[in-house]
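Below is run.csv, which holds CSV, C-alpha atoms.
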chain,number,residue,atom,x,y,z
A,25,MET,CA,-52.6,-0.1,-8.3
A,26,GLU,CA,-50.8,-2.9,-10.1
A,27,ARG,CA,-48.4,-1.6,-12.7
A,28,ILE,CA,-49.1,-2.2,-16.3
A,29,THR,CA,-46.5,-4.3,-18.0
A,30,SER,CA,-47.3,-3.7,-21.6
A,31,ASP,CA,-48.5,-0.8,-23.8
A,32,PRO,CA,-52.3,-1.0,-24.0
A,33,VAL,CA,-52.2,0.8,-27.3
A,34,LEU,CA,-51.0,-2.4,-28.8
A,35,GLU,CA,-54.0,-4.4,-27.5
A,36,VAL,CA,-56.3,-5.8,-30.2
A,37,GLN,CA,-60.1,-5.7,-29.7
A,38,PRO,CA,-61.2,-9.2,-28.8
A,39,ASN,CA,-63.8,-11.2,-30.7
A,40,PHE,CA,-67.0,-10.7,-28.6
A,41,GLU,CA,-68.8,-13.4,-30.5
A,42,SER,CA,-66.4,-16.0,-29.3
A,43,ALA,CA,-67.3,-18.5,-26.5
A,44,ALA,CA,-65.3,-16.5,-24.0
A,45,TYR,CA,-67.8,-13.6,-24.2
A,46,ARG,CA,-70.9,-15.6,-24.8
A,47,ALA,CA,-72.3,-15.1,-21.3
A,48,TRP,CA,-71.9,-11.3,-21.5
A,49,LEU,CA,-73.4,-11.1,-24.9
A,50,THR,CA,-76.4,-13.2,-23.8
A,51,ALA,CA,-76.9,-11.0,-20.7
A,52,LEU,CA,-77.1,-7.9,-22.9
A,53,MET,CA,-79.5,-9.5,-25.3
A,54,ASP,CA,-81.7,-10.8,-22.4
A,55,GLY,CA,-81.9,-7.1,-21.3
A,56,GLY,CA,-83.6,-6.2,-24.6
A,57,ALA,CA,-80.7,-5.3,-26.9
A,58,THR,CA,-80.4,-6.8,-30.3
A,59,ARG,CA,-77.3,-8.9,-31.1
A,60,GLU,CA,-75.8,-6.0,-33.1
A,61,GLU,CA,-76.6,-3.5,-30.3
A,62,ALA,CA,-75.1,-5.8,-27.7
A,63,LEU,CA,-71.9,-6.3,-29.7
A,64,ALA,CA,-71.7,-2.5,-30.2
A,65,GLN,CA,-72.1,-1.9,-26.5
A,66,MET,CA,-69.4,-4.5,-25.8
A,67,ALA,CA,-67.0,-2.9,-28.3
A,68,GLU,CA,-67.7,0.6,-26.8
A,69,GLY,CA,-67.1,-0.6,-23.3
A,70,TRP,CA,-63.9,-2.2,-24.2
A,71,GLY,CA,-62.8,0.9,-26.0
A,72,LEU,CA,-63.5,3.1,-23.0
A,73,GLU,CA,-61.6,0.8,-20.7
A,74,CYS,CA,-58.7,0.6,-23.2
A,75,GLN,CA,-58.5,4.5,-23.2
A,76,GLU,CA,-58.4,4.4,-19.4
A,77,TRP,CA,-55.6,1.9,-19.4
A,78,ILE,CA,-53.7,4.0,-22.0
A,79,HIS,CA,-54.1,7.1,-19.7
A,80,ILE,CA,-52.8,5.1,-16.8
A,81,TRP,CA,-49.9,3.8,-18.9
A,82,GLN,CA,-48.9,7.3,-19.9
A,83,GLN,CA,-48.9,8.4,-16.3
A,84,GLN,CA,-46.8,5.4,-15.4
A,85,ILE,CA,-44.3,6.2,-18.1
A,86,GLU,CA,-44.0,9.8,-16.9
A,87,GLU,CA,-43.6,8.7,-13.3
A,88,GLU,CA,-40.8,6.2,-14.3
A,89,ALA,CA,-39.1,8.9,-16.3
A,90,HIS,CA,-39.3,11.3,-13.3
A,91,GLU,CA,-37.9,8.6,-10.9
A,92,LEU,CA,-35.1,7.9,-13.3
A,93,GLN,CA,-34.2,11.6,-13.5
A,94,GLU,CA,-34.2,11.8,-9.6
A,95,ARG,CA,-32.0,8.8,-9.3
A,96,THR,CA,-29.6,10.3,-11.9
A,97,GLU,CA,-29.5,13.6,-10.1
A,98,SER,CA,-28.9,11.8,-6.8
A,99,GLU,CA,-26.1,9.8,-8.3
A,100,LYS,CA,-24.5,13.0,-9.5
A,101,LYS,CA,-24.5,14.4,-6.0
A,102,LYS,CA,-23.0,11.3,-4.4
A,103,PRO,CA,-19.3,11.6,-3.6
A,104,LYS,CA,-17.2,10.0,-6.3
A,105,ILE,CA,-15.0,7.1,-5.2
A,106,GLY,CA,-12.2,7.3,-7.8
A,107,ASP,CA,-10.7,4.2,-9.3
A,108,PHE,CA,-7.0,3.8,-9.2
A,109,ASP,CA,-4.3,2.5,-11.4
A,110,ALA,CA,-1.8,0.3,-9.6
A,111,GLU,CA,0.8,1.0,-12.3
A,112,ILE,CA,0.6,4.8,-12.3
A,113,THR,CA,3.9,6.5,-11.8
A,114,VAL,CA,5.0,9.8,-10.3
A,115,ALA,CA,5.7,11.0,-13.8
A,116,ASP,CA,2.1,10.3,-14.8
A,117,LYS,CA,0.9,12.4,-11.9
A,118,VAL,CA,3.2,15.3,-12.7
A,119,LYS,CA,2.2,15.2,-16.4
A,120,ASN,CA,-1.5,15.3,-15.3
A,121,MET,CA,-0.8,18.2,-12.9
A,122,GLU,CA,-1.9,16.0,-9.9
A,123,TYR,CA,-0.6,16.3,-6.4
A,124,VAL,CA,2.7,14.6,-5.7
A,125,GLU,CA,4.5,14.6,-2.4
A,126,LEU,CA,7.7,16.6,-2.6
A,127,TRP,CA,9.6,13.7,-1.1
A,128,TYR,CA,9.7,12.0,-4.5
A,129,PHE,CA,11.8,15.0,-5.7
A,130,SER,CA,14.2,14.9,-2.7
A,131,PRO,CA,17.6,13.2,-2.6
A,132,ASP,CA,16.1,10.5,-0.5
A,133,GLY,CA,13.4,9.9,-3.1
A,134,CYS,CA,16.0,9.8,-5.8
A,135,ARG,CA,18.0,7.1,-4.0
A,136,GLU,CA,14.9,5.0,-3.4
A,137,ALA,CA,13.9,5.3,-7.0
A,138,ALA,CA,17.4,4.4,-8.2
A,139,LEU,CA,17.4,1.3,-6.0
A,140,THR,CA,13.9,0.4,-7.2
A,141,SER,CA,14.8,0.9,-10.9
A,142,ARG,CA,18.0,-1.2,-10.6
A,143,SER,CA,16.0,-4.0,-8.9
A,144,THR,CA,13.2,-4.1,-11.5
A,145,SER,CA,14.7,-3.2,-14.8
A,146,ASP,CA,17.7,-1.9,-16.7
A,147,SER,CA,15.6,0.8,-18.3
A,148,ASP,CA,17.2,4.1,-19.3
A,149,ASP,CA,14.5,5.7,-17.1
A,150,ALA,CA,16.3,4.8,-13.9
A,151,PHE,CA,16.8,7.6,-11.5
A,152,GLY,CA,19.9,9.6,-11.4
A,153,PHE,CA,21.1,12.9,-10.1
A,154,THR,CA,22.0,16.1,-12.0
A,155,ARG,CA,22.8,19.6,-11.1
A,156,VAL,CA,20.8,22.5,-12.3
A,157,ASP,CA,22.0,26.0,-11.4
A,158,GLY,CA,24.2,24.4,-8.7
A,159,MET,CA,21.3,22.5,-7.2
A,160,VAL,CA,20.8,18.8,-6.9
A,161,ALA,CA,17.8,17.7,-9.0
A,162,LEU,CA,16.2,14.5,-10.2
A,163,LYS,CA,17.4,13.3,-13.6
A,164,THR,CA,14.1,11.5,-14.4
A,165,ILE,CA,11.1,10.2,-12.5
A,166,ALA,CA,9.6,8.2,-15.4
A,167,SER,CA,9.8,4.8,-13.7
A,168,PHE,CA,9.1,5.6,-10.1
A,169,LYS,CA,5.8,4.3,-8.7
A,170,ALA,CA,4.3,5.1,-5.3
A,171,SER,CA,6.6,4.3,-2.4
A,172,GLN,CA,5.7,3.3,1.2
A,173,LYS,CA,8.7,5.3,2.3
A,174,ALA,CA,7.3,8.6,0.9
A,175,LEU,CA,6.9,11.4,3.5
A,176,GLN,CA,4.2,14.0,3.7
A,177,ASP,CA,5.5,17.5,3.0
A,178,HIS,CA,5.1,18.6,6.6
A,179,ASP,CA,7.3,15.6,7.7
A,180,LEU,CA,10.3,16.6,5.5
A,181,SER,CA,13.3,18.3,7.0
A,182,TRP,CA,13.8,21.8,5.9
A,183,HIS,CA,16.8,20.8,3.9
A,184,GLN,CA,14.8,18.0,2.1
A,185,PHE,CA,12.0,20.5,1.4
A,186,ASP,CA,14.4,23.1,0.0
A,187,LEU,CA,16.1,20.7,-2.4
A,188,ALA,CA,12.8,18.9,-3.4
A,189,LYS,CA,10.9,22.1,-4.3
A,190,THR,CA,13.7,23.1,-6.7
A,191,SER,CA,13.6,19.7,-8.4
A,192,PHE,CA,9.8,19.9,-8.5
A,193,LEU,CA,9.8,23.2,-10.3
A,194,ILE,CA,12.2,21.9,-12.9
A,195,HIS,CA,10.0,18.9,-13.6
A,196,ILE,CA,6.8,20.9,-14.0
A,197,GLU,CA,8.5,23.1,-16.4
A,198,LYS,CA,9.7,20.1,-18.4
A,199,ASN,CA,6.2,18.7,-18.4
A,200,GLY,CA,4.8,21.9,-19.9
A,201,TRP,CA,2.7,23.2,-17.0
A,202,PRO,CA,1.1,26.6,-17.8
A,203,LYS,CA,3.4,29.4,-17.2
A,204,LYS,CA,0.9,31.1,-14.8
A,205,HIS,CA,0.9,28.0,-12.6
A,206,GLN,CA,4.7,27.7,-12.7
A,207,GLN,CA,5.1,31.3,-11.7
A,208,ALA,CA,2.5,31.0,-8.9
A,209,LEU,CA,4.3,27.9,-7.5
A,210,ALA,CA,7.7,29.5,-7.7
A,211,LEU,CA,6.4,32.6,-5.8
A,212,PHE,CA,4.7,30.2,-3.3
A,213,PHE,CA,7.9,28.4,-2.5
A,214,MET,CA,9.9,31.7,-2.5
A,215,LEU,CA,7.6,33.2,0.1
A,216,ILE,CA,7.9,30.2,2.3
A,217,THR,CA,11.7,29.7,2.1
A,218,ASN,CA,12.3,33.4,2.7
A,219,HIS,CA,9.7,33.9,5.4
A,220,GLU,CA,10.9,35.9,8.4
A,221,HIS,CA,9.5,33.2,10.8
A,222,ARG,CA,12.0,30.7,9.7
A,223,VAL,CA,14.3,31.8,12.5
A,224,HIS,CA,11.5,31.6,15.1
A,225,PRO,CA,11.1,28.5,17.3
A,226,ARG,CA,9.0,26.0,15.4
A,227,GLY,CA,8.9,28.5,12.5
A,228,GLU,CA,10.2,26.0,9.9
A,229,LYS,CA,7.9,23.3,11.1
A,230,THR,CA,4.9,25.7,10.8
A,231,LEU,CA,6.0,26.8,7.3
A,232,LEU,CA,6.3,23.1,6.3
A,233,CYS,CA,2.8,22.4,7.5
A,234,TYR,CA,1.5,25.5,5.7
A,235,ALA,CA,3.3,24.4,2.5
A,236,GLY,CA,1.9,20.9,2.6
A,237,PHE,CA,-1.6,21.9,3.3
A,238,VAL,CA,-1.9,24.7,0.8
A,239,ARG,CA,-0.3,22.9,-2.1
A,240,ARG,CA,-2.6,19.8,-1.6
A,241,GLU,CA,-5.6,22.1,-1.3
A,242,TRP,CA,-4.5,23.9,-4.5
A,243,HIS,CA,-4.4,20.7,-6.5
A,244,ASP,CA,-7.8,19.6,-5.1
A,245,GLN,CA,-9.4,22.9,-6.1
A,246,LEU,CA,-7.8,22.8,-9.5
A,247,ALA,CA,-9.3,19.4,-10.1
A,248,GLN,CA,-12.7,21.0,-9.4
A,249,ASN,CA,-12.0,24.0,-11.6
A,250,GLN,CA,-12.0,26.2,-8.6
A,251,GLY,CA,-8.3,27.0,-8.4
A,252,PHE,CA,-6.9,29.9,-6.4
A,253,ASN,CA,-3.7,31.9,-6.6
A,254,ILE,CA,-1.3,29.8,-4.5
A,255,GLY,CA,1.3,32.6,-4.8
A,256,THR,CA,-0.7,34.7,-2.3
A,257,PHE,CA,0.4,34.0,1.3
A,258,ASN,CA,-2.5,33.4,3.7
A,259,PRO,CA,-1.5,34.9,7.1
A,260,ALA,CA,-4.7,33.8,8.8
A,261,LEU,CA,-4.1,30.1,7.8
A,262,TYR,CA,-0.5,30.4,8.8
A,263,LYS,CA,-1.5,31.8,12.3
A,264,SER,CA,-3.9,28.9,12.7
A,265,LEU,CA,-1.3,26.3,11.8
A,266,SER,CA,1.2,28.0,14.1
A,267,ASP,CA,-1.1,27.6,17.0
A,268,ASP,CA,-1.7,24.0,16.1
A,269,VAL,CA,2.1,23.3,16.0
A,270,TRP,CA,2.7,24.9,19.3
A,271,GLU,CA,-0.2,22.9,20.8
A,272,ALA,CA,1.2,19.7,19.4
A,273,LYS,CA,4.6,20.6,20.8
A,274,ARG,CA,3.2,20.6,24.3
A,275,ASP,CA,2.8,16.8,23.9
A,276,GLU,CA,6.2,15.3,24.7
A,277,GLY,CA,8.0,13.8,21.7
A,278,SER,CA,5.5,15.3,19.2
A,279,ASN,CA,6.9,16.6,16.0
A,280,TRP,CA,3.9,16.7,13.8
A,281,CYS,CA,1.3,19.3,12.9
A,282,ILE,CA,-2.5,19.2,12.8
A,283,LEU,CA,-3.8,20.2,9.3
A,284,PRO,CA,-7.0,22.2,9.5
A,285,ILE,CA,-10.3,21.0,8.0
A,286,PHE,CA,-12.5,23.7,6.3
As structure tokens, please, write out the structure in this file.
Amino acid sequence: MERITSDPVLEVQPNFESAAYRAWLTALMDGGATREEALAQMAEGWGLECQEWIHIWQQQIEEEAHELQERTESEKKKPKIGDFDAEITVADKVKNMEYVELWYFSPDGCREAALTSRSTSDSDDAFGFTRVDGMVALKTIASFKASQKALQDHDLSWHQFDLAKTSFLIHIEKNGWPKKHQQALALFFMLITNHEHRVHPRGEKTLLCYAGFVRREWHDQLAQNQGFNIGTFNPALYKSLSDDVWEAKRDEGSNWCILPIF
């Protein structure tokens, strides 16, 4: 049925005595009805038809509302493709508790940021080095944007990882992350850097793969309000990653790890 385009409630009863309805009126009168009776029949017929159109109109409105609700629910279930800000800095991500590669907190990341800052501005936000409890740390990350030179956590050397995680912990404290999150991350890094498998062949590589995967997954789950305790070591996941690392090692020249997909 063709859809109604306007509310029939707003329709005004036509003038049945006009020329447009003369043939209908005449036919009724020829059938034996008086003029008044014929006009009353015409008005009654129009009223019944109008009520039918009103009923159809209401059904149509309900169907459209239902369709709109279904489309809305469908849109909610679609994966969201997030927008991006080309000017977002590492500091913005840290402030917002978003995932940031540890490379940005490593000495190599500091040097890259220092070069970038000097080439783009003379701002006081330029990178520098400082020592905290005898460890090299970033002085500021305020002006550092995403770098093509950034490495994934599992591609860092163990020395880079060890220095970067210390600087990272300093920055999240300065940015006011919840104490519970800071303590869980500190325990997470301590369990990794002190793990007995460090001295095993490919042990450090496996631990770097574990650290990179778990920390990214932790941030992703936090964003969905489904966070887990990152300070609890997952032996089953570590074993799976260890197998992947050894399998990758069989390929000559391979020094990467395969991150699991759950």
Would you work out the distance separating CA of Gln37 (chain A) from CA of Cys74 (chain A), expressed in Å to one decimal? 9.2 Å
Can you list, as an NGL selection string, every protein, DNA or RNA residue that comes within 12 Å of region 200-216 of chain A when you count all atoms listed in the file, leaving out same-chain residues fewer than 5 positions away? :A and (118-122 or 126 or 182 or 185-195 or 221-222 or 227-236 or 238-239 or 242-243 or 246 or 251-259 or 262)
Under the rule that all atoms listed in the file are counted, which of A:Trp81, A:Glu97, A:Asp54, A:Ala174 is the nearest residue to Phe129 (chain A)? A:Ala174
Figure out the distance between CA of Thr113 (chain A) and CA of Gly133 (chain A), please, to one decimal in Å.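 For CA of Gly133 (chain A) relative to CA of Thr113 (chain A), the distance reads 13.3 Å.
Between Gln184 (chain A) and the residues A:Trp77, A:Phe40, A:Tyr128, A:Trp70, the shortest atom-to-atom distance, using all atoms listed in the file, involves A:Tyr128.
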By how many Å are CA of Gln172 (chain A) and CA of Pro131 (chain A) apart?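 Going from CA of Gln172 (chain A) over to CA of Pro131 (chain A) covers 15.9 Å.
The shortest atom-to-atom distance to Thr29 (chain A), with all atoms listed in the file taken into account, belongs to A:Ile80 out of A:Ile80, A:Gln75, A:Glu68, A:Ser264.
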Quick one: residues within 12 Å of Ala260 (chain A), only C-alpha atoms counted, chain neighbours fewer than 5 positions away excluded, as a PyMOL selection string? chain A and resi 234+265-267+284
Please extract region 56-83 of chain A and write it out with N, CA, C and O atoms, as a PDB file, in the first residue's frame.
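Written file, out.pdb:
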ATOM      1  N   GLY A  56     -33.285   7.238  -5.165  1.00  0.00           N
ATOM      2  CA  GLY A  56     -34.447   7.391  -4.297  1.00  0.00           C
ATOM      3  C   GLY A  56     -34.206   8.211  -3.059  1.00  0.00           C
ATOM      4  O   GLY A  56     -35.145   8.490  -2.289  1.00  0.00           O
ATOM      5  N   ALA A  57     -32.971   8.633  -2.809  1.00  0.00           N
ATOM      6  CA  ALA A  57     -32.675   9.434  -1.626  1.00  0.00           C
ATOM      7  C   ALA A  57     -33.003  10.890  -1.879  1.00  0.00           C
ATOM      8  O   ALA A  57     -32.890  11.384  -3.008  1.00  0.00           O
ATOM      9  N   THR A  58     -33.411  11.557  -0.800  1.00  0.00           N
ATOM     10  CA  THR A  58     -33.621  12.989  -0.929  1.00  0.00           C
ATOM     11  C   THR A  58     -32.265  13.669  -0.967  1.00  0.00           C
ATOM     12  O   THR A  58     -31.216  13.055  -0.692  1.00  0.00           O
ATOM     13  N   ARG A  59     -32.237  14.951  -1.275  1.00  0.00           N
ATOM     14  CA  ARG A  59     -30.964  15.685  -1.348  1.00  0.00           C
ATOM     15  C   ARG A  59     -30.259  15.657   0.005  1.00  0.00           C
ATOM     16  O   ARG A  59     -29.059  15.442   0.083  1.00  0.00           O
ATOM     17  N   GLU A  60     -31.061  15.891   1.069  1.00  0.00           N
ATOM     18  CA  GLU A  60     -30.472  15.902   2.405  1.00  0.00           C
ATOM     19  C   GLU A  60     -29.933  14.528   2.781  1.00  0.00           C
ATOM     20  O   GLU A  60     -28.865  14.403   3.386  1.00  0.00           O
ATOM     21  N   GLU A  61     -30.701  13.475   2.440  1.00  0.00           N
ATOM     22  CA  GLU A  61     -30.255  12.117   2.744  1.00  0.00           C
ATOM     23  C   GLU A  61     -28.980  11.770   1.964  1.00  0.00           C
ATOM     24  O   GLU A  61     -28.066  11.134   2.498  1.00  0.00           O
ATOM     25  N   ALA A  62     -28.957  12.189   0.696  1.00  0.00           N
ATOM     26  CA  ALA A  62     -27.771  11.905  -0.132  1.00  0.00           C
ATOM     27  C   ALA A  62     -26.540  12.608   0.429  1.00  0.00           C
ATOM     28  O   ALA A  62     -25.446  12.019   0.507  1.00  0.00           O
ATOM     29  N   LEU A  63     -26.694  13.852   0.829  1.00  0.00           N
ATOM     30  CA  LEU A  63     -25.553  14.608   1.401  1.00  0.00           C
ATOM     31  C   LEU A  63     -25.090  13.968   2.711  1.00  0.00           C
ATOM     32  O   LEU A  63     -23.882  13.901   2.997  1.00  0.00           O
ATOM     33  N   ALA A  64     -26.071  13.471   3.516  1.00  0.00           N
ATOM     34  CA  ALA A  64     -25.712  12.828   4.777  1.00  0.00           C
ATOM     35  C   ALA A  64     -24.948  11.526   4.526  1.00  0.00           C
ATOM     36  O   ALA A  64     -23.977  11.201   5.221  1.00  0.00           O
ATOM     37  N   GLN A  65     -25.408  10.753   3.512  1.00  0.00           N
ATOM     38  CA  GLN A  65     -24.706   9.515   3.164  1.00  0.00           C
ATOM     39  C   GLN A  65     -23.282   9.797   2.684  1.00  0.00           C
ATOM     40  O   GLN A  65     -22.336   9.075   3.023  1.00  0.00           O
ATOM     41  N   MET A  66     -23.145  10.846   1.886  1.00  0.00           N
ATOM     42  CA  MET A  66     -21.820  11.205   1.392  1.00  0.00           C
ATOM     43  C   MET A  66     -20.900  11.614   2.541  1.00  0.00           C
ATOM     44  O   MET A  66     -19.717  11.221   2.583  1.00  0.00           O
ATOM     45  N   ALA A  67     -21.429  12.384   3.496  1.00  0.00           N
ATOM     46  CA  ALA A  67     -20.633  12.822   4.648  1.00  0.00           C
ATOM     47  C   ALA A  67     -20.247  11.625   5.520  1.00  0.00           C
ATOM     48  O   ALA A  67     -19.119  11.517   6.011  1.00  0.00           O
ATOM     49  N   GLU A  68     -21.217  10.686   5.688  1.00  0.00           N
ATOM     50  CA  GLU A  68     -20.948   9.506   6.500  1.00  0.00           C
ATOM     51  C   GLU A  68     -19.879   8.629   5.842  1.00  0.00           C
ATOM     52  O   GLU A  68     -18.962   8.122   6.497  1.00  0.00           O
ATOM     53  N   GLY A  69     -19.992   8.446   4.525  1.00  0.00           N
ATOM     54  CA  GLY A  69     -19.003   7.644   3.803  1.00  0.00           C
ATOM     55  C   GLY A  69     -17.611   8.249   3.871  1.00  0.00           C
ATOM     56  O   GLY A  69     -16.613   7.542   4.059  1.00  0.00           O
ATOM     57  N   TRP A  70     -17.572   9.568   3.707  1.00  0.00           N
ATOM     58  CA  TRP A  70     -16.278  10.237   3.804  1.00  0.00           C
ATOM     59  C   TRP A  70     -15.686  10.077   5.208  1.00  0.00           C
ATOM     60  O   TRP A  70     -14.494   9.848   5.382  1.00  0.00           O
ATOM     61  N   GLY A  71     -16.559  10.185   6.254  1.00  0.00           N
ATOM     62  CA  GLY A  71     -16.090  10.053   7.629  1.00  0.00           C
ATOM     63  C   GLY A  71     -15.526   8.684   7.915  1.00  0.00           C
ATOM     64  O   GLY A  71     -14.489   8.537   8.575  1.00  0.00           O
ATOM     65  N   LEU A  72     -16.217   7.623   7.410  1.00  0.00           N
ATOM     66  CA  LEU A  72     -15.721   6.266   7.621  1.00  0.00           C
ATOM     67  C   LEU A  72     -14.374   6.052   6.918  1.00  0.00           C
ATOM     68  O   LEU A  72     -13.468   5.429   7.467  1.00  0.00           O
ATOM     69  N   GLU A  73     -14.284   6.559   5.688  1.00  0.00           N
ATOM     70  CA  GLU A  73     -13.029   6.433   4.948  1.00  0.00           C
ATOM     71  C   GLU A  73     -11.905   7.189   5.648  1.00  0.00           C
ATOM     72  O   GLU A  73     -10.757   6.714   5.726  1.00  0.00           O
ATOM     73  N   CYS A  74     -12.250   8.358   6.178  1.00  0.00           N
ATOM     74  CA  CYS A  74     -11.244   9.158   6.896  1.00  0.00           C
ATOM     75  C   CYS A  74     -10.749   8.422   8.132  1.00  0.00           C
ATOM     76  O   CYS A  74      -9.554   8.424   8.428  1.00  0.00           O
ATOM     77  N   GLN A  75     -11.653   7.756   8.875  1.00  0.00           N
ATOM     78  CA  GLN A  75     -11.262   6.988  10.052  1.00  0.00           C
ATOM     79  C   GLN A  75     -10.320   5.844   9.677  1.00  0.00           C
ATOM     80  O   GLN A  75      -9.378   5.532  10.395  1.00  0.00           O
ATOM     81  N   GLU A  76     -10.602   5.227   8.526  1.00  0.00           N
ATOM     82  CA  GLU A  76      -9.731   4.147   8.055  1.00  0.00           C
ATOM     83  C   GLU A  76      -8.326   4.661   7.752  1.00  0.00           C
ATOM     84  O   GLU A  76      -7.323   4.035   8.113  1.00  0.00           O
ATOM     85  N   TRP A  77      -8.263   5.831   7.102  1.00  0.00           N
ATOM     86  CA  TRP A  77      -6.967   6.430   6.792  1.00  0.00           C
ATOM     87  C   TRP A  77      -6.232   6.849   8.059  1.00  0.00           C
ATOM     88  O   TRP A  77      -5.007   6.737   8.142  1.00  0.00           O
ATOM     89  N   ILE A  78      -7.006   7.304   9.055  1.00  0.00           N
ATOM     90  CA  ILE A  78      -6.374   7.671  10.338  1.00  0.00           C
ATOM     91  C   ILE A  78      -5.764   6.436  10.997  1.00  0.00           C
ATOM     92  O   ILE A  78      -4.645   6.480  11.537  1.00  0.00           O
ATOM     93  N   HIS A  79      -6.494   5.316  10.941  1.00  0.00           N
ATOM     94  CA  HIS A  79      -5.976   4.062  11.506  1.00  0.00           C
ATOM     95  C   HIS A  79      -4.701   3.625  10.789  1.00  0.00           C
ATOM     96  O   HIS A  79      -3.711   3.228  11.423  1.00  0.00           O
ATOM     97  N   ILE A  80      -4.714   3.691   9.477  1.00  0.00           N
ATOM     98  CA  ILE A  80      -3.541   3.327   8.683  1.00  0.00           C
ATOM     99  C   ILE A  80      -2.378   4.268   8.998  1.00  0.00           C
ATOM    100  O   ILE A  80      -1.216   3.848   9.098  1.00  0.00           O
ATOM    101  N   TRP A  81      -2.678   5.554   9.136  1.00  0.00           N
ATOM    102  CA  TRP A  81      -1.651   6.549   9.459  1.00  0.00           C
ATOM    103  C   TRP A  81      -0.976   6.237  10.794  1.00  0.00           C
ATOM    104  O   TRP A  81       0.245   6.298  10.917  1.00  0.00           O
ATOM    105  N   GLN A  82      -1.785   5.865  11.793  1.00  0.00           N
ATOM    106  CA  GLN A  82      -1.229   5.542  13.110  1.00  0.00           C
ATOM    107  C   GLN A  82      -0.348   4.296  13.042  1.00  0.00           C
ATOM    108  O   GLN A  82       0.714   4.231  13.673  1.00  0.00           O
ATOM    109  N   GLN A  83      -0.789   3.297  12.261  1.00  0.00           N
ATOM    110  CA  GLN A  83       0.042   2.098  12.076  1.00  0.00           C
ATOM    111  C   GLN A  83       1.359   2.458  11.396  1.00  0.00           C
ATOM    112  O   GLN A  83       2.416   1.942  11.764  1.00  0.00           O
TER     113      GLN A  83
END
